>>> print(open('final-v1.cif').read())   # mmCIF, C-alpha atoms
data_input
loop_
_atom_site.label_atom_id
_atom_site.label_comp_id
_atom_site.auth_asym_id
_atom_site.auth_seq_id
_atom_site.Cartn_x
_atom_site.Cartn_y
_atom_site.Cartn_z
CA MET E 1 149.71 117.39 116.70
CA ILE E 2 151.46 118.68 113.58
CA ASP E 3 149.50 121.36 111.69
CA VAL E 4 150.08 120.08 108.15
CA GLN E 5 147.86 122.67 106.45
CA ASN E 6 149.91 125.44 108.05
CA GLN E 7 153.18 124.17 106.60
CA PRO E 8 154.98 126.59 104.25
CA ASP E 9 154.74 126.24 100.48
CA ASN E 10 157.49 127.44 98.14
CA ARG E 11 155.76 127.19 94.76
CA GLY E 12 154.78 130.85 94.84
CA ILE E 13 151.16 130.38 93.76
CA PRO E 14 148.38 132.14 95.71
CA ILE E 15 144.95 130.48 95.50
CA GLN E 16 141.96 132.75 95.00
CA GLN E 17 139.46 130.33 96.52
CA THR E 18 139.81 127.11 98.48
CA GLY E 19 137.38 125.57 100.92
CA VAL E 20 134.35 123.29 101.02
CA SER E 21 131.61 122.59 98.48
CA GLY E 22 128.67 120.22 98.35
CA VAL E 23 127.83 120.94 101.99
CA CYS E 24 124.14 120.25 102.66
CA LEU E 25 122.68 121.86 105.79
CA PRO E 26 119.36 123.17 107.11
CA PHE E 27 119.16 126.94 107.40
CA LEU E 28 116.55 129.59 108.21
CA ILE E 29 116.24 132.04 105.32
CA GLU E 30 114.87 135.50 106.10
CA ASP E 31 113.11 137.31 103.25
CA GLY E 32 111.09 140.46 103.70
CA GLY E 33 110.67 139.84 107.42
CA LYS E 34 109.49 136.23 106.90
CA ILE E 35 111.62 133.27 107.97
CA GLN E 36 111.49 129.93 106.15
CA PRO E 37 113.44 126.73 106.89
CA VAL E 38 115.29 125.40 103.84
CA GLN E 39 117.79 122.72 102.95
CA ALA E 40 120.73 124.49 101.32
CA HIS E 41 123.73 123.30 99.34
CA VAL E 42 126.70 125.45 100.29
CA ARG E 43 130.07 126.38 98.82
CA PHE E 44 132.25 128.26 101.35
CA THR E 45 135.78 129.32 100.41
CA VAL E 46 138.62 131.67 101.33
CA ALA E 47 141.75 133.02 99.68
CA LEU E 48 145.01 131.22 100.50
CA ASP E 49 148.36 132.97 100.70
CA GLU E 50 151.10 131.65 98.40
CA ASN E 51 153.27 130.78 101.41
CA LEU E 52 150.73 128.40 102.99
CA ARG E 53 150.13 124.79 101.93
CA GLY E 54 146.43 124.56 102.77
CA THR E 55 143.51 126.12 104.60
CA HIS E 56 141.75 124.76 107.70
CA MET E 57 138.49 123.56 106.12
CA SER E 58 137.07 122.25 109.39
CA ARG E 59 136.88 125.84 110.61
CA LEU E 60 134.57 126.69 107.71
CA ILE E 61 132.23 123.87 108.73
CA GLU E 62 132.33 125.13 112.32
CA ILE E 63 131.26 128.59 111.18
CA LEU E 64 128.38 127.21 109.12
CA ASP E 65 127.23 125.07 112.02
CA ASP E 66 127.12 128.15 114.25
CA TRP E 67 124.55 129.70 111.89
CA ARG E 68 122.22 126.73 111.35
CA GLU E 69 119.59 128.04 113.75
CA LYS E 70 119.95 131.77 113.11
CA PRO E 71 118.04 133.67 110.39
CA ILE E 72 120.15 134.04 107.25
CA ALA E 73 119.89 137.24 105.23
CA PHE E 74 122.44 139.23 103.26
CA ARG E 75 123.55 141.13 106.35
CA THR E 76 124.24 137.83 108.12
CA LEU E 77 126.15 136.48 105.12
CA ASP E 78 128.46 139.44 105.65
CA ALA E 79 128.93 138.38 109.29
CA ILE E 80 129.66 134.79 108.22
CA LEU E 81 132.34 135.99 105.80
CA ARG E 82 133.94 138.21 108.44
CA ALA E 83 134.09 135.24 110.81
CA ALA E 84 135.88 133.23 108.12
CA ILE E 85 138.42 135.98 107.50
CA GLU E 86 139.13 136.27 111.22
CA LYS E 87 139.37 132.54 111.93
CA LEU E 88 141.48 131.73 108.88
CA SER E 89 143.59 134.92 108.79
CA THR E 90 142.85 135.63 105.14
CA THR E 91 141.97 138.65 102.99
CA ALA E 92 138.97 137.25 101.13
CA ALA E 93 136.02 134.94 101.76
CA TYR E 94 133.16 133.73 99.58
CA ILE E 95 129.88 131.89 100.20
CA ARG E 96 127.11 130.54 97.97
CA LEU E 97 123.83 128.97 99.06
CA ASP E 98 121.49 127.15 96.66
CA PHE E 99 118.04 126.11 97.86
CA LYS E 100 114.35 125.87 97.02
CA TYR E 101 112.22 128.66 98.44
CA PHE E 102 108.44 128.32 98.66
CA LEU E 103 106.11 131.21 97.89
CA GLU E 104 102.38 131.27 98.53
CA ARG E 105 100.26 131.73 95.42
CA ARG E 106 96.52 132.37 95.32
CA ALA E 107 94.32 131.03 92.51
CA PRO E 108 92.80 133.96 90.57
CA VAL E 109 89.10 133.01 90.91
CA SER E 110 88.63 130.41 93.64
CA GLY E 111 91.16 132.06 95.92
CA ARG E 112 92.65 128.69 96.89
CA THR E 113 96.26 128.98 98.07
CA SER E 114 99.20 126.72 97.23
CA LEU E 115 102.99 126.83 97.30
CA LEU E 116 105.21 127.59 94.31
CA ASP E 117 108.81 126.34 94.59
CA VAL E 118 111.51 128.64 93.23
CA ASP E 119 115.19 127.77 92.86
CA CYS E 120 117.15 130.43 94.69
CA THR E 121 120.83 131.36 95.01
CA LEU E 122 122.44 133.72 97.52
CA VAL E 123 126.06 134.70 96.92
CA ALA E 124 128.30 136.96 98.98
CA SER E 125 131.98 137.90 98.80
CA LEU E 126 134.20 139.92 101.10
CA VAL E 127 137.47 140.98 99.48
CA ASP E 128 139.87 143.47 101.08
CA GLY E 129 137.09 144.75 103.33
CA ARG E 130 134.53 145.28 100.53
CA THR E 131 131.35 143.18 100.43
CA ALA E 132 129.39 142.34 97.28
CA PHE E 133 126.18 140.34 96.91
CA GLN E 134 124.33 138.40 94.23
CA LEU E 135 120.75 137.14 94.18
CA GLY E 136 119.74 134.46 91.69
CA LEU E 137 116.32 133.01 90.90
CA SER E 138 114.82 130.58 88.39
CA VAL E 139 111.15 131.42 87.99
CA PRO E 140 108.66 129.22 86.06
CA PHE E 141 105.71 130.66 84.16
CA THR E 142 103.55 130.19 81.04
CA THR E 143 104.09 131.69 77.59
CA LEU E 144 101.84 131.56 74.54
CA CYS E 145 103.22 131.85 70.99
CA PRO E 146 102.10 135.03 69.16
CA CYS E 147 102.76 133.46 65.75
CA SER E 148 100.68 130.38 66.53
CA ARG E 149 97.79 132.52 67.70
CA GLU E 150 97.99 134.76 64.63
CA ILE E 151 97.97 132.01 62.00
CA SER E 152 95.59 129.51 63.64
CA ASP E 153 91.81 129.48 63.17
CA CYS E 154 91.48 128.27 66.76
CA GLY E 155 93.82 127.78 69.66
CA ALA E 156 97.54 128.50 70.02
CA HIS E 157 100.40 126.47 71.43
CA ASN E 158 101.90 127.44 74.77
CA GLN E 159 104.99 126.54 76.77
CA ARG E 160 106.22 125.99 80.29
CA SER E 161 108.96 128.57 80.54
CA VAL E 162 111.73 129.44 82.98
CA CYS E 163 113.49 132.75 83.45
CA SER E 164 116.78 132.56 85.36
CA VAL E 165 118.32 135.80 86.62
CA LEU E 166 121.46 136.67 88.57
CA LEU E 167 121.55 140.18 90.03
CA SER E 168 124.75 141.79 91.39
CA PHE E 169 124.74 144.48 94.08
CA GLY E 170 127.49 146.52 95.69
CA GLY E 171 125.57 146.55 98.98
CA ALA E 172 122.67 144.61 100.41
CA PRO E 173 120.07 143.88 97.69
CA THR E 174 117.06 146.18 97.64
CA VAL E 175 114.66 143.49 96.44
CA THR E 176 113.29 140.39 98.17
CA ILE E 177 113.01 136.86 96.79
CA ASP E 178 109.22 137.20 96.74
CA GLY E 179 109.32 140.66 95.17
CA LEU E 180 111.78 139.64 92.43
CA THR E 181 109.75 136.53 91.65
CA LYS E 182 106.58 138.57 91.21
CA LEU E 183 108.45 141.10 89.05
CA ILE E 184 109.54 138.32 86.69
CA GLU E 185 106.15 136.56 86.71
CA SER E 186 104.43 139.80 85.67
CA GLN E 187 106.36 139.76 82.38
CA ALA E 188 104.98 136.34 81.38
CA SER E 189 101.90 135.45 79.37
CA SER E 190 100.57 134.03 82.63
CA ALA E 191 101.96 133.11 86.04
CA ILE E 192 101.98 129.50 87.19
CA VAL E 193 99.70 128.62 90.13
CA PRO E 194 100.19 125.07 91.52
CA LEU E 195 96.55 124.62 92.59
CA LEU E 196 93.86 125.52 90.06
CA LYS E 197 90.15 124.68 90.13
CA ARG E 198 88.18 124.64 86.87
CA GLU E 199 87.25 128.32 87.06
CA ASP E 200 90.90 129.19 87.72
CA GLU E 201 92.13 127.10 84.79
CA LYS E 202 89.72 128.91 82.47
CA TYR E 203 91.00 132.26 83.76
CA VAL E 204 94.73 131.57 83.34
CA THR E 205 94.28 129.88 79.96
CA GLU E 206 92.40 132.88 78.60
CA ALA E 207 94.85 135.28 80.26
CA ALA E 208 97.76 133.63 78.45
CA TYR E 209 95.84 133.63 75.15
CA ASN E 210 95.24 137.36 75.48
CA ASN E 211 98.91 138.06 76.30
CA PRO E 212 101.01 136.14 73.73
CA LYS E 213 104.80 136.54 73.95
CA PHE E 214 107.90 135.17 72.24
CA VAL E 215 110.91 134.22 74.36
CA GLU E 216 112.52 137.45 73.08
CA ASP E 217 109.51 139.44 74.34
CA ILE E 218 109.86 137.95 77.80
CA LEU E 219 113.59 138.64 77.89
CA ARG E 220 113.25 142.29 76.85
CA ASP E 221 110.40 142.92 79.28
CA VAL E 222 112.41 141.41 82.14
CA VAL E 223 115.39 143.60 81.19
CA ILE E 224 113.24 146.74 81.40
CA ALA E 225 111.78 145.62 84.73
CA LEU E 226 115.18 144.88 86.28
CA ARG E 227 116.59 148.27 85.29
CA SER E 228 114.20 149.86 87.79
CA ILE E 229 115.76 148.07 90.81
CA LYS E 230 117.72 150.46 93.01
CA GLY E 231 121.34 149.64 93.80
CA LEU E 232 121.66 147.09 91.00
CA LYS E 233 125.15 147.00 89.45
CA SER E 234 124.71 144.32 86.79
CA PHE E 235 122.51 141.39 85.86
CA SER E 236 122.31 138.38 83.59
CA ILE E 237 119.11 136.78 82.27
CA GLU E 238 118.38 133.48 80.55
CA CYS E 239 114.89 132.66 79.29
CA GLU E 240 113.94 129.25 77.97
CA ASN E 241 110.61 128.07 76.57
CA CYS E 242 110.08 124.29 76.64
CA GLU E 243 108.30 124.01 73.30
CA SER E 244 105.14 121.92 73.08
CA ILE E 245 105.15 121.37 69.28
CA HIS E 246 108.92 121.06 68.66
CA ASN E 247 111.62 118.74 69.97
CA HIS E 248 113.79 121.73 70.80
CA ASN E 249 113.43 124.72 73.10
CA ALA E 250 113.45 128.47 72.43
CA PHE E 251 116.23 130.35 74.25
CA ALA E 252 117.39 133.94 74.80
CA LEU E 253 120.12 135.51 76.93
CA HIS E 254 121.11 139.02 77.98
CA ASP E 255 123.87 140.47 80.21
CA GLU E 256 123.96 144.10 81.26
CA ILE E 257 125.97 146.48 83.42
CA VAL E 258 123.58 149.02 84.92
CA GLY E 259 124.49 152.69 84.63
#
>>> encode(input="final-v1.cif", output="structure tokens")
Amino acid sequence: MIDVQNQPDNRGIPIQQTGVSGVCLPFLIEDGGKIQPVQAHVRFTVALDENLRGTHMSRLIEILDDWREKPIAFRTLDAILRAAIEKLSTTAAYIRLDFKYFLERRAPVSGRTSLLDVDCTLVASLVDGRTAFQLGLSVPFTTLCPCSREISDCGAHNQRSVCSVLLSFGGAPTVTIDGLTKLIESQASSAIVPLLKREDEKYVTEAAYNNPKFVEDILRDVVIALRSIKGLKSFSIECENCESIHNHNAFALHDEIVG
């Protein structure tokens, strides 16, 4: 049959990325030696030469399908991109996976365990033989307002907060999903634990009260913590506190190139 995608194009416009998005597939994510099944939303693209009309998108789906039952880590993302470059005869390939990853959390007093869901993003690009990676997380935690605590005779208002980070590496990331989540949680007034008994609730409530932080405090503490990660090239951070006594949220953002 006629290969329509492979027909020549004379408009002289190369396309940096073309491919498939909104693909939803099961994958096995490997993190720190542990493997977890996830449902991922995928965007998988390649560069298209100015002389070609279109890319063969079915080949991208074929590559993804080949990896559904193999552990996915950053080193395997590199292999997926190399397969795309070979099968589609291109110079650049890109992939992004978005999924929920579950981390075990232990209640501080009762010791009961439960699962915390974290929104996770893995990104990889292979351009002219050079691979780059990004790791993104959105981590929930608790913050308690320092001003409220200072001016109130009793109590202080607190917030459910989220810190979203995107870390860029020149090589394979040196931090795991679990490790990065814990690093961010440790900057909060208190971590979130899905299952709390009464003695645990007392503990985390008092822990937050004794560690009040503004959204700006959280942001700056996360910045300092991220700077210690080896191999990190750049990062972006967004922190948002869902206010409990206002009808707006508190927000802070920071971008930084490391070194």
>>> atom_distance(input="final-v1.cif", atom1="atom CA of E:Trp67", atom2="atom CA of E:Asp178")
22.8 Å
>>> resolve_selection(input="final-v1.cif", expression="the PyMOL selection byres ((chain E and resi 250) around 12)", output="number ranges by chain")
E: 143, 145, 158-163, 213-219, 238-249, 251-253
>>> closest_residue(input="final-v1.cif", among="E:Pro146, E:Gly54, E:Gly19, E:Gly32", to="E:Gln7", atoms="all atoms listed in the file")
E:Gly54
>>> residues_around(input="final-v1.cif", residues="E:Glu199", least_positions_apart="5", cutoff="10 Å", atoms="all atoms listed in the file", output="PyMOL selection string")
chain E and resi 107-110+204
>>> resolve_selection(input="final-v1.cif", expression="the PyMOL selection byres ((chain E and resi 112-125) around 9)", output="ChimeraX atom specification")
/E:73-74,77-78,81,92-111,126-127,130-140,166,177,181,192-197
>>> atom_distance(input="final-v1.cif", atom1="atom CA of E:Leu28", atom2="atom CA of E:Leu180")
19.3 Å
>>> atom_distance(input="final-v1.cif", atom1="atom CA of E:Val223", atom2="atom CA of E:Ser186")
12.4 Å
>>> residues_around(input="final-v1.cif", residues="E:Pro37", least_positions_apart="2", cutoff="9 Å", atoms="all atoms listed in the file", output="number ranges by chain")
E: 26-30, 35, 39, 101
>>> residues_around(input="final-v1.cif", residues="E:Leu226", least_positions_apart="3", cutoff="12 Å", atoms="all atoms listed in the file", output="VMD selection string")
chain E and resid 165 to 168 174 to 175 179 to 184 186 to 187 219 to 223 229 to 237 254 to 258
>>> axis_aligned_box(input="final-v1.cif", around="stretch 190-206 of chain E", padding_each_side="5 Å", output="JSON")
{"center_x": 94.6, "center_y": 129.3, "center_z": 85.6, "size_x": 24.7, "size_y": 19.4, "size_z": 24.0}
>>> resolve_selection(input="final-v1.cif", expression="the PyMOL selection byres ((chain E and resi 64) around 12)", output="ChimeraX atom specification")
/E:20,23-27,40-45,57-63,65-70,72,76-77,79-81,83-84,95-97
>>> closest_residue(input="final-v1.cif", among="E:Glu86, E:Glu201, E:Glu150, E:Glu50", to="E:Ile13", atoms="all atoms listed in the file")
E:Glu50
>>> closest_residue(input="final-v1.cif", among="E:Tyr209, E:Gly129, E:Arg198, E:Gly170", to="E:Cys154", atoms="only C-alpha atoms")
E:Tyr209
>>> residues_around(input="final-v1.cif", residues="E:Ile15", least_positions_apart="5", cutoff="7 Å", atoms="only C-alpha atoms", output="list in words")
Ala47, Leu48, Asp49 and Glu50 of chain E
